[in-house]
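Colleague: I am sharing model16.cif, which consists of mmCIF, C-alpha atoms:
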```cif
data_start
#
loop_
_atom_site.label_atom_id
_atom_site.label_comp_id
_atom_site.auth_asym_id
_atom_site.auth_seq_id
_atom_site.Cartn_x
_atom_site.Cartn_y
_atom_site.Cartn_z
CA MET A 263 119.93 126.18 109.80
CA ALA A 264 117.81 125.88 106.65
CA VAL A 265 119.47 126.61 103.31
CA THR A 266 118.15 129.84 101.77
CA ILE A 267 117.87 130.97 98.17
CA LYS A 268 120.78 133.33 98.85
CA ASP A 269 122.92 130.35 99.89
CA VAL A 270 122.07 128.56 96.66
CA ALA A 271 122.91 131.68 94.62
CA ARG A 272 126.28 132.03 96.37
CA LEU A 273 127.19 128.33 95.91
CA ALA A 274 126.17 128.41 92.23
CA ALA A 275 127.82 131.82 91.64
CA VAL A 276 124.64 133.29 90.19
CA SER A 277 122.08 135.86 91.30
CA THR A 278 119.05 135.02 93.43
CA ALA A 279 116.92 136.05 90.44
CA THR A 280 118.58 133.31 88.37
CA VAL A 281 117.91 130.73 91.09
CA SER A 282 114.27 131.84 91.19
CA ARG A 283 113.97 131.45 87.42
CA VAL A 284 115.42 127.94 87.61
CA LEU A 285 112.94 127.03 90.35
CA ASN A 286 110.13 128.29 88.10
CA ASN A 287 111.42 126.44 85.01
CA ASP A 288 111.89 129.70 83.12
CA PRO A 289 112.76 128.79 79.49
CA ARG A 290 115.01 131.86 79.21
CA ILE A 291 117.66 130.21 81.40
CA ALA A 292 120.58 128.71 79.44
CA PRO A 293 120.67 124.87 79.70
CA ASP A 294 124.16 124.84 81.29
CA THR A 295 123.12 127.37 83.93
CA PHE A 296 119.89 125.50 84.60
CA LYS A 297 121.82 122.25 85.09
CA ALA A 298 124.45 123.82 87.35
CA VAL A 299 121.93 125.59 89.58
CA SER A 300 119.69 122.49 89.76
CA GLU A 301 122.66 120.42 90.93
CA VAL A 302 123.42 122.94 93.70
CA ILE A 303 119.76 122.94 94.77
CA ALA A 304 119.77 119.15 94.99
CA ALA A 305 123.13 118.93 96.77
CA SER A 306 122.36 121.67 99.30
CA GLY A 307 118.96 120.30 100.27
CA TYR A 308 117.28 123.64 99.60
CA ARG A 309 113.49 123.59 100.10
CA ARG A 310 111.30 126.37 98.87
CA ASN A 311 109.15 128.16 101.46
CA THR A 312 105.81 127.73 99.70
CA ILE A 313 103.87 129.80 102.24
CA ALA A 314 106.14 132.81 101.85
CA ARG A 315 106.11 132.35 98.09
CA SER A 316 102.32 132.27 98.07
CA LEU A 317 102.07 135.48 100.07
CA LYS A 318 104.55 137.23 97.81
CA THR A 319 103.17 136.12 94.44
CA SER A 320 99.50 135.51 95.31
CA ARG A 321 100.03 132.07 93.86
CA SER A 322 100.23 128.85 95.88
CA HIS A 323 101.12 126.64 92.90
CA ALA A 324 98.56 124.20 94.31
CA VAL A 325 95.40 122.93 92.61
CA GLY A 326 92.40 121.30 94.27
CA PHE A 327 90.81 118.11 92.94
CA LEU A 328 87.29 117.24 94.13
CA THR A 329 86.18 113.65 93.60
CA PRO A 330 82.88 111.99 94.59
CA GLU A 331 84.73 108.84 95.68
CA ILE A 332 88.39 108.72 96.62
CA ALA A 333 88.38 104.90 96.43
CA ASN A 334 87.06 104.92 92.85
CA ASP A 335 89.81 103.67 90.52
CA PHE A 336 88.40 105.52 87.51
CA PHE A 337 88.48 108.88 89.29
CA MET A 338 91.97 108.24 90.63
CA TYR A 339 93.30 107.42 87.15
CA ILE A 340 92.00 110.83 86.09
CA ALA A 341 93.68 112.40 89.12
CA GLU A 342 96.92 110.71 88.11
CA GLY A 343 96.70 112.33 84.68
CA VAL A 344 96.03 115.71 86.29
CA GLU A 345 98.95 115.39 88.68
CA GLU A 346 101.35 114.25 85.96
CA ARG A 347 100.62 117.37 83.92
CA LEU A 348 100.65 119.75 86.88
CA GLN A 349 103.82 118.33 88.39
CA ALA A 350 105.68 119.08 85.17
CA GLU A 351 104.73 122.73 85.67
CA GLY A 352 105.70 122.88 89.35
CA TYR A 353 102.18 122.56 90.77
CA SER A 354 100.96 120.31 93.59
CA LEU A 355 97.59 118.57 93.78
CA ILE A 356 95.29 118.53 96.83
CA ILE A 357 92.70 115.72 96.55
CA CYS A 358 89.42 116.01 98.47
CA ASN A 359 86.67 113.40 98.77
CA THR A 360 83.09 114.73 98.55
CA ALA A 361 81.25 111.44 99.21
CA GLU A 362 78.79 112.27 96.40
CA LYS A 363 77.24 115.06 98.50
CA ALA A 364 76.83 118.69 97.36
CA GLU A 365 77.05 120.00 100.93
CA ILE A 366 80.47 118.35 101.36
CA GLU A 367 81.56 119.78 98.00
CA GLU A 368 80.65 123.22 99.32
CA ARG A 369 82.73 122.73 102.46
CA ARG A 370 85.69 121.42 100.48
CA ILE A 371 85.53 124.47 98.20
CA ASP A 372 85.75 126.69 101.29
CA LEU A 373 88.70 124.64 102.55
CA LEU A 374 90.57 124.87 99.25
CA SER A 375 89.89 128.61 99.03
CA ASP A 376 91.40 129.01 102.50
CA GLN A 377 94.43 127.07 101.24
CA ARG A 378 94.76 129.69 98.46
CA VAL A 379 94.68 127.14 95.65
CA ASP A 380 95.21 128.59 92.18
CA GLY A 381 92.44 126.52 90.62
CA VAL A 382 90.11 123.56 91.11
CA ILE A 383 89.25 120.50 89.02
CA ILE A 384 85.90 118.96 89.94
CA ILE A 385 84.26 115.63 89.23
CA PRO A 386 80.76 116.74 90.27
CA ALA A 387 78.80 114.87 92.91
CA GLY A 388 75.50 115.66 91.17
CA ASN A 389 73.94 117.64 88.36
CA CYS A 390 73.75 121.02 90.12
CA GLY A 391 76.80 123.25 90.40
CA ALA A 392 75.22 126.47 91.68
CA HIS A 393 77.39 126.30 94.81
CA TYR A 394 80.52 126.36 92.63
CA THR A 395 79.92 130.06 92.01
CA ALA A 396 81.83 130.68 95.26
CA LEU A 397 84.95 129.90 93.21
CA THR A 398 84.12 132.59 90.67
CA GLU A 399 83.48 135.11 93.45
CA ARG A 400 86.96 134.37 94.81
CA GLY A 401 88.64 134.51 91.40
CA ILE A 402 89.52 130.80 91.35
CA PRO A 403 89.21 129.14 87.92
CA ALA A 404 87.60 125.69 87.70
CA VAL A 405 87.25 122.81 85.26
CA VAL A 406 84.60 120.09 85.57
CA VAL A 407 85.42 116.58 84.44
CA ASP A 408 83.34 113.52 83.45
CA ARG A 409 79.99 115.18 84.27
CA MET A 410 78.31 118.46 83.39
CA VAL A 411 76.40 120.57 85.91
CA SER A 412 73.71 123.23 85.75
CA GLY A 413 74.02 126.64 87.38
CA PHE A 414 77.74 127.08 86.74
CA ASN A 415 79.67 127.83 83.56
CA CYS A 416 83.28 126.72 83.28
CA ASP A 417 85.59 124.64 81.10
CA ALA A 418 84.75 120.94 80.92
CA VAL A 419 86.38 117.69 79.78
CA LEU A 420 84.03 114.83 78.94
CA VAL A 421 84.03 111.75 76.75
CA ASP A 422 81.63 111.00 73.92
CA ASN A 423 79.20 108.99 76.04
CA ILE A 424 76.43 109.05 73.45
CA GLY A 425 78.71 107.92 70.63
CA GLY A 426 80.27 105.25 72.85
CA SER A 427 77.04 103.55 73.89
CA TYR A 428 75.68 103.96 70.35
CA SER A 429 78.70 102.09 68.96
CA ALA A 430 78.28 99.40 71.64
CA ALA A 431 74.68 98.80 70.58
CA LEU A 432 75.82 98.58 66.95
CA ARG A 433 78.41 95.96 67.93
CA PHE A 434 75.58 93.83 69.32
CA PHE A 435 73.38 94.44 66.26
CA GLU A 436 76.18 93.46 63.86
CA ALA A 437 76.46 90.13 65.68
CA GLY A 438 72.74 89.54 65.24
CA VAL A 439 71.86 90.30 68.87
CA ARG A 440 68.55 92.14 69.30
CA ARG A 441 67.50 91.60 72.95
CA ILE A 442 69.98 93.44 75.14
CA GLY A 443 69.49 94.13 78.82
CA PHE A 444 70.53 97.66 79.75
CA ILE A 445 71.87 98.47 83.23
CA GLY A 446 72.28 102.25 83.53
CA GLY A 447 73.41 104.73 86.17
CA ARG A 448 71.78 107.58 88.08
CA GLN A 449 69.69 109.58 85.67
CA ASP A 450 70.44 112.83 87.50
CA LEU A 451 74.03 112.54 86.21
CA THR A 452 74.74 113.69 82.66
CA THR A 453 77.15 110.78 82.15
CA ALA A 454 74.37 108.26 82.84
CA GLN A 455 71.85 110.23 80.79
CA GLU A 456 74.12 110.31 77.76
CA ARG A 457 75.00 106.61 77.90
CA TRP A 458 71.32 105.72 77.98
CA GLU A 459 70.60 108.20 75.17
CA GLY A 460 73.22 106.66 72.86
CA PHE A 461 71.92 103.13 73.50
CA ARG A 462 68.29 104.21 72.98
CA ARG A 463 69.10 106.22 69.85
CA ALA A 464 70.92 103.28 68.23
CA HIS A 465 67.78 101.15 68.58
CA GLU A 466 65.62 103.94 67.21
CA ASP A 467 67.88 104.65 64.21
CA HIS A 468 68.04 100.96 63.28
CA ARG A 469 64.34 100.37 63.93
CA ILE A 470 64.99 97.72 66.53
CA ARG A 471 62.39 97.49 69.27
CA LEU A 472 63.75 98.28 72.73
CA ASP A 473 61.80 96.31 75.31
CA PRO A 474 61.20 98.59 78.37
CA GLU A 475 61.30 95.48 80.56
CA LEU A 476 65.00 95.07 79.70
CA VAL A 477 65.95 98.59 80.84
CA CYS A 478 66.85 99.37 84.45
CA PHE A 479 68.78 102.10 86.25
CA GLY A 480 71.00 101.97 89.31
CA ASP A 481 73.63 104.14 90.95
CA PHE A 482 76.97 103.22 89.30
CA HIS A 483 78.01 101.05 92.29
CA VAL A 484 78.83 97.34 92.61
CA ASN A 485 75.75 96.34 94.63
CA SER A 486 73.51 98.09 92.13
CA GLY A 487 74.99 96.08 89.25
CA TYR A 488 74.49 92.86 91.24
CA GLU A 489 70.82 93.54 92.04
CA LEU A 490 69.89 94.77 88.56
CA ALA A 491 71.53 91.80 86.83
CA LYS A 492 69.61 89.54 89.21
CA ARG A 493 66.37 91.35 88.29
CA LEU A 494 66.95 91.03 84.55
CA ILE A 495 67.92 87.37 84.71
CA ALA A 496 64.78 86.63 86.76
CA LEU A 497 62.49 87.83 83.94
CA PRO A 498 60.26 85.20 82.28
CA ASP A 499 62.17 85.79 79.04
CA PRO A 500 65.60 87.00 80.29
CA PRO A 501 68.21 88.52 77.96
CA ARG A 502 71.41 86.62 77.19
CA HIS A 503 73.31 89.84 76.63
CA LEU A 504 73.78 92.78 79.00
CA PHE A 505 75.16 96.25 78.36
CA ILE A 506 76.31 97.89 81.61
CA ALA A 507 76.94 101.62 81.90
CA ASN A 508 80.07 101.59 84.07
CA TYR A 509 82.84 99.39 85.46
CA PHE A 510 81.59 99.00 89.02
CA MET A 511 78.10 97.90 88.03
CA HIS A 512 79.81 95.57 85.54
CA VAL A 513 81.76 94.03 88.43
CA GLY A 514 78.54 93.67 90.44
CA ALA A 515 76.67 92.05 87.57
CA THR A 516 79.56 89.65 87.01
CA ARG A 517 79.59 88.72 90.69
CA TYR A 518 75.90 87.77 90.47
CA LEU A 519 76.45 85.71 87.30
CA LEU A 520 79.33 83.86 88.97
CA GLN A 521 77.72 83.29 92.36
CA SER A 522 74.42 82.12 90.90
CA GLY A 523 76.07 79.92 88.28
CA ILE A 524 73.55 81.26 85.78
CA GLY A 525 76.16 83.10 83.72
CA ALA A 526 77.96 79.92 82.65
CA GLU A 527 74.79 77.84 82.52
CA ARG A 528 73.05 80.16 80.05
CA GLY A 529 76.11 81.45 78.21
CA ILE A 530 75.42 85.05 79.18
CA GLN A 531 77.65 87.74 77.72
CA THR A 532 78.22 91.27 78.96
CA ALA A 533 79.66 94.52 77.64
CA GLY A 534 80.14 97.82 79.36
CA PHE A 535 81.72 101.22 79.72
CA ASP A 536 85.28 101.38 81.12
CA SER A 537 88.21 99.08 80.41
CA MET A 538 89.93 98.92 83.78
CA ASP A 539 92.75 96.62 84.89
CA LEU A 540 90.45 93.84 86.11
CA VAL A 541 88.14 93.78 83.09
CA PRO A 542 89.95 90.78 81.50
CA LEU A 543 88.96 88.82 84.63
CA LEU A 544 85.27 89.50 84.04
CA GLY A 545 84.87 86.24 82.17
CA PHE A 546 81.49 87.04 80.62
CA SER A 547 82.70 90.30 79.03
CA ALA A 548 82.58 90.29 75.21
CA PHE A 549 83.88 93.86 74.87
CA THR A 550 84.27 97.11 76.76
CA LEU A 551 84.36 100.80 75.89
CA SER A 552 87.64 102.36 76.93
CA GLN A 553 87.92 105.93 78.16
CA PRO A 554 91.24 107.82 77.85
CA MET A 555 91.51 108.39 81.61
CA GLN A 556 95.04 109.81 81.63
CA GLU A 557 94.23 112.09 78.71
CA ILE A 558 91.08 113.32 80.46
CA GLY A 559 93.14 114.36 83.46
CA GLN A 560 95.92 115.92 81.40
CA THR A 561 93.46 117.86 79.25
CA ALA A 562 91.68 119.19 82.35
CA ALA A 563 95.03 120.28 83.82
CA GLU A 564 96.01 122.05 80.59
CA LEU A 565 92.71 123.95 80.45
CA LEU A 566 93.07 124.98 84.09
CA LEU A 567 96.67 126.12 83.63
CA SER A 568 95.66 128.30 80.69
CA ARG A 569 93.08 129.99 82.94
CA ILE A 570 95.46 130.36 85.90
CA ARG A 571 98.11 131.95 83.67
CA ARG A 572 95.52 134.07 81.85
CA GLN A 573 96.63 132.62 78.55
CA TYR A 574 92.96 132.15 77.66
CA GLU A 575 90.15 134.32 79.03
CA GLY A 576 87.40 133.54 76.53
CA PRO A 577 84.10 131.67 76.95
CA PRO A 578 83.99 128.19 78.54
CA VAL A 579 85.66 125.43 76.54
CA LEU A 580 84.12 121.96 76.19
CA ARG A 581 86.43 119.12 75.19
CA ARG A 582 84.90 115.74 74.35
CA LEU A 583 87.32 112.86 73.96
CA PRO A 584 86.48 109.71 71.97
CA THR A 585 85.98 106.25 73.41
CA GLY A 586 87.31 103.03 71.89
CA ILE A 587 86.14 99.43 71.85
CA ILE A 588 88.30 96.66 73.31
CA THR A 589 87.21 93.13 72.35
CA HIS A 590 87.54 90.30 74.87
CA GLN A 591 85.63 87.52 73.08
CA ASP A 592 83.30 87.08 70.10
CA LEU A 593 79.62 87.72 70.61
CA THR A 594 77.42 84.67 70.17
CA LEU A 595 73.66 84.39 69.65
#
```
With the file now loaded, output its structure as structure tokens.
Modeller:
Amino acid sequence: MAVTIKDVARLAAVSTATVSRVLNNDPRIAPDTFKAVSEVIAASGYRRNTIARSLKTSRSHAVGFLTPEIANDFFMYIAEGVEERLQAEGYSLIICNTAEKAEIEERRIDLLSDQRVDGVIIIPAGNCGAHYTALTERGIPAVVVDRMVSGFNCDAVLVDNIGGSYSAALRFFEAGVRRIGFIGGRQDLTTAQERWEGFRRAHEDHRIRLDPELVCFGDFHVNSGYELAKRLIALPDPPRHLFIANYFMHVGATRYLLQSGIGAERGIQTAGFDSMDLVPLLGFSAFTLSQPMQEIGQTAAELLLSRIRRQYEGPPVLRRLPTGIITHQDLTL
């Protein structure tokens, strides 16, 4: 027979209310009592009935996380930051893949609503979030991460994409580099728009001509980086330096430079957004822009918790976190 909360209370010689407060990490519980009750819970094998708890409190203590790609390391690092923060508060995370499609996002929102989640954190699949209003209608708070959307107002956690790509262009300029190939992402995503804007603005502010022939846009995936690097290197006057707007296109561009042998032959150097675990293996990389992935996730979780607990009920909050530059090798002309 399953151990009940009454059994735990009897074994710990406390009331069921005290056991409940311990389970909810209530700060009013004395440390000695908290420790004693926690030990009984662990020893007895007590497991909370989350369904019954949800029905009683109208809270599931579960949060949904919508991601465009479940196999994307960057998104999963963010999810890890979210889960770390939520777990400390007794919440569970339900991760759903949306395959970069708004119609799948809509279905996942319905699914999470049926699961009675207390809130949702979304990395949007595109630039339109009108279908997210279903969350508002059901009283479920939401936070968007990494990308902004139109048609839906909620809290958001982004990085300074414009400032990051601006500083990257300056790093090239300071080394005397003027011809830089730019490989950008989907221009219907605010992240891609902002990274292009920072790069373009740096050229404008420093009165350095930006050759349109050196600018191309892809889709933030490996194959796109491969094909666009190939296109730039095939130009009559190809650039020796490439700035690439995300990690996966950076990997694709590097694969082309390695497979063709052109990267080593011409001394090509790259730089890009995202400093992931494998970046040091991208031998052509001069520097990368790091994003605080764990902090992004933790900040999103904190904003969502404040909405769930009604600690903040004001207008939408926008948090922009800074990027940093990690140097891998000196730039050469």
Colleague: Return as a VMD selection string the set of residues that the PyMOL selection byres ((chain A and resi 343-350) around 8) yields on the displayed structure.
Modeller: chain A and resid 339 to 342 351 to 355 555 to 564
Colleague: I would like the residues chosen by the PyMOL selection byres ((chain A and resi 583) around 10) on the shown file; could you give them as a PyMOL selection string?
Modeller: chain A and resi 419-423+553-555+557-558+561+580-582+584-585
Colleague: Please measure the separation of atom CA of Gly388 of chain A and atom CA of Leu566 of chain A, giving the value in Å to one decimal.
Modeller: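 Distance reported for this atom pair: 21.1 Å.
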Colleague: In Å to one decimal, how far is atom CA of Asn334 of chain A from atom CA of Cys416 of chain A?
Modeller: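 These two atoms are separated by 24.1 Å.
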Colleague: Can you turn the PyMOL selection byres ((chain A and resi 407) around 8) into a concrete residue list for this file, as a PyMOL selection string?
Modeller: chain A and resi 383-386+405-406+408-410+418-420+558+562
Colleague: Those same residues - C-alpha atoms - I'd like them written as a tab-separated table (two decimals), keeping the file's coordinate frame.
Modeller:
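Below is the file that was written, result.tsv:
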```
chain	number	residue	atom	x	y	z
A	383	ILE	CA	89.25	120.50	89.02
A	384	ILE	CA	85.90	118.96	89.94
A	385	ILE	CA	84.26	115.63	89.23
A	386	PRO	CA	80.76	116.74	90.27
A	405	VAL	CA	87.25	122.81	85.26
A	406	VAL	CA	84.60	120.09	85.57
A	408	ASP	CA	83.34	113.52	83.45
A	409	ARG	CA	79.99	115.18	84.27
A	410	MET	CA	78.31	118.46	83.39
A	418	ALA	CA	84.75	120.94	80.92
A	419	VAL	CA	86.38	117.69	79.78
A	420	LEU	CA	84.03	114.83	78.94
A	558	ILE	CA	91.08	113.32	80.46
A	562	ALA	CA	91.68	119.19	82.35
```
Colleague: Fewer than 6 positions away in the same chain doesn't count, so skip those; otherwise give me all residues within 10 Å of Arg433 of chain A, counting all atoms listed in the file, as a PyMOL selection string.
Modeller: chain A and resi 427+439+533+549+587+593
Colleague: One number please: atom CA of Ile506 of chain A to atom CA of Asp417 of chain A, in Å, one decimal.
Modeller: 28.3 Å
Colleague: When you look at Ile356 of chain A with a cut-off of 8 Å (counting all atoms listed in the file), what residues show up, excluding the ones that are within fewer than 3 positions of it in the same chain? I need them as a compact mmCIF listing (two decimals) with C-alpha atoms, keeping the file's coordinate frame.
Modeller:
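Saved result, part_5.txt, follows:
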```
# COMPACT_ATOMS: atom_id res chain seq x y z
CA ALA A 324 98.56 124.20 94.31
CA VAL A 325 95.40 122.93 92.61
CA GLY A 326 92.40 121.30 94.27
CA PHE A 327 90.81 118.11 92.94
```
Colleague: Let me make sure I understand: among A:Val270, A:Thr278, A:Phe336, A:Gln377, which one has the smallest atom-to-atom distance to Ala298 of chain A if we use only C-alpha atoms?
Modeller: A:Val270
Colleague: So that I can check the surroundings of segment 400-402 of chain A, please list as JSON, numbers by chain every protein, DNA and RNA residue that reaches within 12 Å of it, counting only C-alpha atoms and ignoring chain neighbours fewer than 3 positions away.
Modeller: {"A": [320, 321, 322, 324, 325, 326, 371, 372, 374, 375, 376, 377, 378, 379, 380, 381, 382, 383, 394, 395, 396, 397, 405, 416, 566, 567, 569, 570, 571, 572]}
Colleague: Between A:Glu456, A:Glu367, A:Arg441, A:Pro293, single out the one closest to Thr329 of chain A, counting only C-alpha atoms.
Modeller: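 Of A:Glu456, A:Glu367, A:Arg441, A:Pro293, the one nearest Thr329 of chain A is A:Glu367, counting only C-alpha atoms.
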Colleague: Extract segment 370-380 of chain A from the structure I just pasted (atoms: all heavy atoms) and return it as a short mmCIF file (atom, residue, chain, number, x, y, z; two decimals), in the first residue's frame.
Modeller:
```cif
data_model
loop_
_atom_site.label_atom_id
_atom_site.label_comp_id
_atom_site.auth_asym_id
_atom_site.auth_seq_id
_atom_site.Cartn_x
_atom_site.Cartn_y
_atom_site.Cartn_z
N ARG A 370 0.61 22.09 -29.59
CA ARG A 370 1.33 21.86 -28.33
C ARG A 370 0.78 22.74 -27.20
O ARG A 370 0.74 22.33 -26.04
CB ARG A 370 2.84 22.13 -28.52
CG ARG A 370 3.53 21.19 -29.49
CD ARG A 370 3.54 19.76 -28.98
NE ARG A 370 4.23 18.88 -29.91
CZ ARG A 370 3.64 18.13 -30.83
NH1 ARG A 370 2.31 18.16 -30.95
NH2 ARG A 370 4.33 17.36 -31.63
N ILE A 371 0.35 23.94 -27.55
CA ILE A 371 -0.26 24.82 -26.55
C ILE A 371 -1.55 24.19 -26.03
O ILE A 371 -1.82 24.20 -24.83
CB ILE A 371 -0.52 26.22 -27.15
CG1 ILE A 371 0.82 26.98 -27.27
CG2 ILE A 371 -1.50 27.01 -26.30
CD1 ILE A 371 0.72 28.29 -28.03
N ASP A 372 -2.34 23.62 -26.94
CA ASP A 372 -3.56 22.92 -26.52
C ASP A 372 -3.22 21.75 -25.60
O ASP A 372 -3.89 21.52 -24.58
CB ASP A 372 -4.33 22.41 -27.74
CG ASP A 372 -5.02 23.53 -28.51
OD1 ASP A 372 -5.22 24.61 -27.92
OD2 ASP A 372 -5.33 23.33 -29.69
N LEU A 373 -2.19 20.99 -25.97
CA LEU A 373 -1.77 19.84 -25.17
C LEU A 373 -1.35 20.26 -23.77
O LEU A 373 -1.78 19.67 -22.77
CB LEU A 373 -0.62 19.12 -25.87
CG LEU A 373 0.09 18.02 -25.08
CD1 LEU A 373 -0.84 16.83 -24.88
CD2 LEU A 373 1.37 17.58 -25.78
N LEU A 374 -0.54 21.31 -23.69
CA LEU A 374 -0.05 21.77 -22.39
C LEU A 374 -1.19 22.35 -21.55
O LEU A 374 -1.20 22.18 -20.33
CB LEU A 374 1.05 22.82 -22.59
CG LEU A 374 2.36 22.28 -23.18
CD1 LEU A 374 3.28 23.43 -23.57
CD2 LEU A 374 3.05 21.35 -22.20
N SER A 375 -2.14 23.00 -22.20
CA SER A 375 -3.31 23.51 -21.47
C SER A 375 -4.10 22.35 -20.87
O SER A 375 -4.55 22.43 -19.72
CB SER A 375 -4.20 24.31 -22.41
OG SER A 375 -3.53 25.44 -22.91
N ASP A 376 -4.25 21.27 -21.65
CA ASP A 376 -4.96 20.09 -21.14
C ASP A 376 -4.22 19.45 -19.97
O ASP A 376 -4.83 18.84 -19.10
CB ASP A 376 -5.13 19.05 -22.26
CG ASP A 376 -6.11 19.50 -23.34
OD1 ASP A 376 -6.88 20.43 -23.07
OD2 ASP A 376 -6.08 18.93 -24.44
N GLN A 377 -2.89 19.61 -19.96
CA GLN A 377 -2.07 19.09 -18.86
C GLN A 377 -2.08 20.02 -17.65
O GLN A 377 -1.41 19.75 -16.66
CB GLN A 377 -0.62 18.87 -19.34
CG GLN A 377 -0.45 17.81 -20.41
CD GLN A 377 -0.77 16.43 -19.91
OE1 GLN A 377 -0.37 16.06 -18.81
NE2 GLN A 377 -1.51 15.66 -20.70
N ARG A 378 -2.80 21.13 -17.76
CA ARG A 378 -2.97 22.09 -16.66
C ARG A 378 -1.63 22.69 -16.21
O ARG A 378 -1.40 22.89 -15.01
CB ARG A 378 -3.67 21.43 -15.48
CG ARG A 378 -5.03 20.84 -15.82
CD ARG A 378 -5.58 20.00 -14.67
NE ARG A 378 -5.83 20.80 -13.48
CZ ARG A 378 -6.99 21.40 -13.20
NH1 ARG A 378 -7.99 21.28 -14.05
NH2 ARG A 378 -7.13 22.10 -12.10
N VAL A 379 -0.75 22.98 -17.17
CA VAL A 379 0.52 23.59 -16.79
C VAL A 379 0.25 24.97 -16.18
O VAL A 379 -0.73 25.64 -16.51
CB VAL A 379 1.48 23.73 -17.99
CG1 VAL A 379 1.91 22.36 -18.51
CG2 VAL A 379 0.88 24.57 -19.11
N ASP A 380 1.16 25.39 -15.31
CA ASP A 380 1.00 26.68 -14.64
C ASP A 380 1.53 27.83 -15.48
O ASP A 380 1.21 29.00 -15.22
CB ASP A 380 1.73 26.66 -13.29
CG ASP A 380 1.10 25.70 -12.31
OD1 ASP A 380 -0.08 25.34 -12.50
OD2 ASP A 380 1.79 25.28 -11.36
#
```
